[in-house]
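Visitor: Sending over a structure as structure tokens; questions will come in a sec.
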2 protein chains.
Amino acid sequence: MLSVAELKNMIREIPDWPKPGVSFKDITTLLKDGEAWKAAVTHMASLCWKYKPDVVVAPEARGFIIASALAYALGAGCVPIRKKGKLPSETIRGEYQLEYGSDVLELHRDAFEPGTRVLVVDDVLATGGTISATIDLVRQLGGEVVAVAFLIELTYLPGREKLTGYEVVSAIQY
Amino acid sequence: MLSVAELKNMIREIPDWPKPGVSFKDITTLLKDGEAWKAAVTHMASLCWKYKPDVVVAPEARGFIIASALAYALGAGCVPIRKKGKLPSETIRGEYQLEYGSDVLELHRDAFEPGTRVLVVDDVLATGGTISATIDLVRQLGGEVVAVAFLIELTYLPGREKLTGYEVVSAIQY
């Protein structure tokens with residue numbers, strides 16, 4: 001099984017994307033390698049299994065890639081949070097701030113029962129805006145956020161400060 | 001392990017969505033159940049393992065949910081195809097027709113080497129438009145499409161006709 005250092009080496013950094021000054025962490029170069037993807041999911045599952053989640057919840061679209069395999073590995077369900085108008089049944093909505101303007105996330109009102117143990121995940125913890133909005137929606141439905149997990153954490157950004165009070169785990173740190 | 005009939009019963013039908021006359025197959029009611037998700041992925045893996053794919057390729061966003069766990073289960077890599085402007089490195093592009101107008105899909109130019117064994121997947125085979133565009137991109141990169149797999153196939157629509165010459169498998173049929 002590949003080590004965390006080996007997995008980190010497989011992530012590609014894209015300078016000045018999506019805007020000048022940002023070094024984007026491109027996980028597609030890790031994902032496309034079967035051995036690396038197996039190791040990354042296994043590593044995340046090893047960090048998360050003790051929280052005994054019933055469901056894994058993630059925002060679209062890269063979050064789905066992490067949530068789907070992790071839910072399968074943990075024997076949990078997988079619950080998508082989507083942009084406005086994409087979910088077909090009744091939803092609850094939350095607005096979150098982008099650098100310019102805002103966007104809306106939706107969660108099916110019947111996505112889980114109150115008291116459900118929820119693992120919230122995304123690919124990258126950066127400023128924490130999207131994941132905070134995701135947690136708000138989960139709590140509106142009465143979900144118990146047992147932990148918040150990321151494949152990558154950018155420790156030089158203040159994302160973790162926004163998650164005070166929650167168990168936060170990440171597989172790979174920068 | 002749940003049977004295919006039990007899995008099918010867990011899919012919710014949403015009448016007249018996204019437009020009048022369409023009965024949308026909502027898989028979120030299956031996904032959110034850990035036992036059902038485990039069975040669905042295991043069933044798809046059992047249909048696909050014989051094709052020995054190196055990578056699983058899927059279009060965003062629901063396709064990612066199927067591809068990610070299936071790739072993990074098969075020990076394959078996972079390659080995302082995205083809408084315009086979402087992938088950070090150099091891409092190839094394909095246009096595909098929607099009912100009104102068209103949309104663009106992109107694939108990283110270095111997503112895989114020529115000759116790679118590719119399993120193309122999506123959640124639902126309906127008219128086959130998106131999956132045909134996905135296959136075109138895979139072939140532009142020299143990928144060998146070893147099979148095309150879906151969680152759900154709507155056999156009353158002509159999607160399979162668009163995939164003549166390919167191995168096509170689906171876990172649940174309507």
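Chain labels run A, B, ... following the order of the structure tokens; each chain numbers its residues from 1, and ligands are numbered from 1 in the order shown.
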Name all residues at most 7 Å from Ile152 of chain B (count only C-alpha atoms; drop same-chain ones fewer than 2 positions away) and give them as number ranges by chain.
Guide: B: 123-125, 150, 154, 170-173
Visitor: Report as CSV: every residue of segment 32-105 of chain B with an atom at most 12 Å from segment 81-85 of chain A, its closest pair of atoms, and their distance in Å to one decimal, counting only C-alpha atoms, with rows sorted by chain and ascending residue number.
Guide:
residue,atom,partner,partner_atom,distance
B:Lys32,CA,A:Ile81,CA,11.9
B:Glu60,CA,A:Arg82,CA,11.9
B:Ala61,CA,A:Arg82,CA,9.3
B:Arg62,CA,A:Arg82,CA,10.2
B:Ile65,CA,A:Ile81,CA,12.0
Visitor: For Leu30 of chain A, which residue out of B:Ile66, B:Leu98, B:Ile11, B:Ala111 is the nearest one, using only C-alpha atoms?
Guide: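 Counting only C-alpha atoms, the residue closest to Leu30 of chain A is B:Ala111.
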Visitor: Calculated over only C-alpha atoms, which of the candidates B:Asp110, B:Asp122, B:Glu161, B:Asp103 has the smallest distance to chain A?
Guide: B:Asp110
Visitor: Compile a residue-level contact table for chain B against chain A at a cut-off of 9 Å, reporting for every qualifying residue the shortest atom pair and its distance in Å to one decimal, with only C-alpha atoms counted, rows ordered by chain and ascending number, as a tab-separated table.
Guide:
residue	atom	partner	partner_atom	distance
B:Ile14	CA	A:Pro88	CA	6.9
B:Trp17	CA	A:Pro88	CA	6.8
B:Pro18	CA	A:Pro88	CA	7.4
B:Phe24	CA	A:Pro88	CA	7.9
B:Asp26	CA	A:Pro88	CA	7.1
B:Thr28	CA	A:Val79	CA	6.8
B:Thr29	CA	A:Ala111	CA	7.6
B:Leu30	CA	A:Gly77	CA	8.3
B:Leu31	CA	A:Cys78	CA	5.2
B:Lys32	CA	A:Gly77	CA	4.1
B:Asp33	CA	A:Gly77	CA	4.5
B:Gly34	CA	A:Gly77	CA	3.7
B:Glu35	CA	A:Gly75	CA	6.6
B:Ala36	CA	A:Gly77	CA	7.8
B:Trp37	CA	A:Gly77	CA	6.2
B:Lys38	CA	A:Tyr72	CA	5.6
B:Val41	CA	A:Tyr72	CA	7.7
B:Asp54	CA	A:Gly34	CA	7.0
B:Val55	CA	A:Lys32	CA	6.5
B:Val56	CA	A:Lys32	CA	8.3
B:Glu60	CA	A:Ala61	CA	6.9
B:Ala61	CA	A:Ala61	CA	5.5
B:Arg62	CA	A:Phe64	CA	8.0
B:Phe64	CA	A:Ile65	CA	5.6
B:Ile65	CA	A:Ser68	CA	5.3
B:Ile66	CA	A:Ser68	CA	7.4
B:Ala67	CA	A:Ile65	CA	7.8
B:Ser68	CA	A:Ile65	CA	5.2
B:Ala69	CA	A:Ala69	CA	3.9
B:Leu70	CA	A:Ala69	CA	7.6
B:Ala71	CA	A:Gly34	CA	7.4
B:Tyr72	CA	A:Lys38	CA	5.6
B:Ala73	CA	A:Ala69	CA	8.2
B:Leu74	CA	A:Gly34	CA	8.4
B:Gly75	CA	A:Gly34	CA	5.2
B:Ala76	CA	A:Gly34	CA	3.9
B:Gly77	CA	A:Gly34	CA	3.8
B:Cys78	CA	A:Lys32	CA	4.8
B:Val79	CA	A:Lys32	CA	5.4
B:Pro80	CA	A:Thr28	CA	7.6
B:Leu87	CA	A:Asp26	CA	8.6
B:Pro88	CA	A:Trp17	CA	6.8
B:Ser89	CA	A:Ile14	CA	7.3
B:His108	CA	A:Thr28	CA	8.7
B:Asp110	CA	A:Thr29	CA	8.8
B:Ala111	CA	A:Lys32	CA	7.0
B:Phe112	CA	A:Lys32	CA	7.5
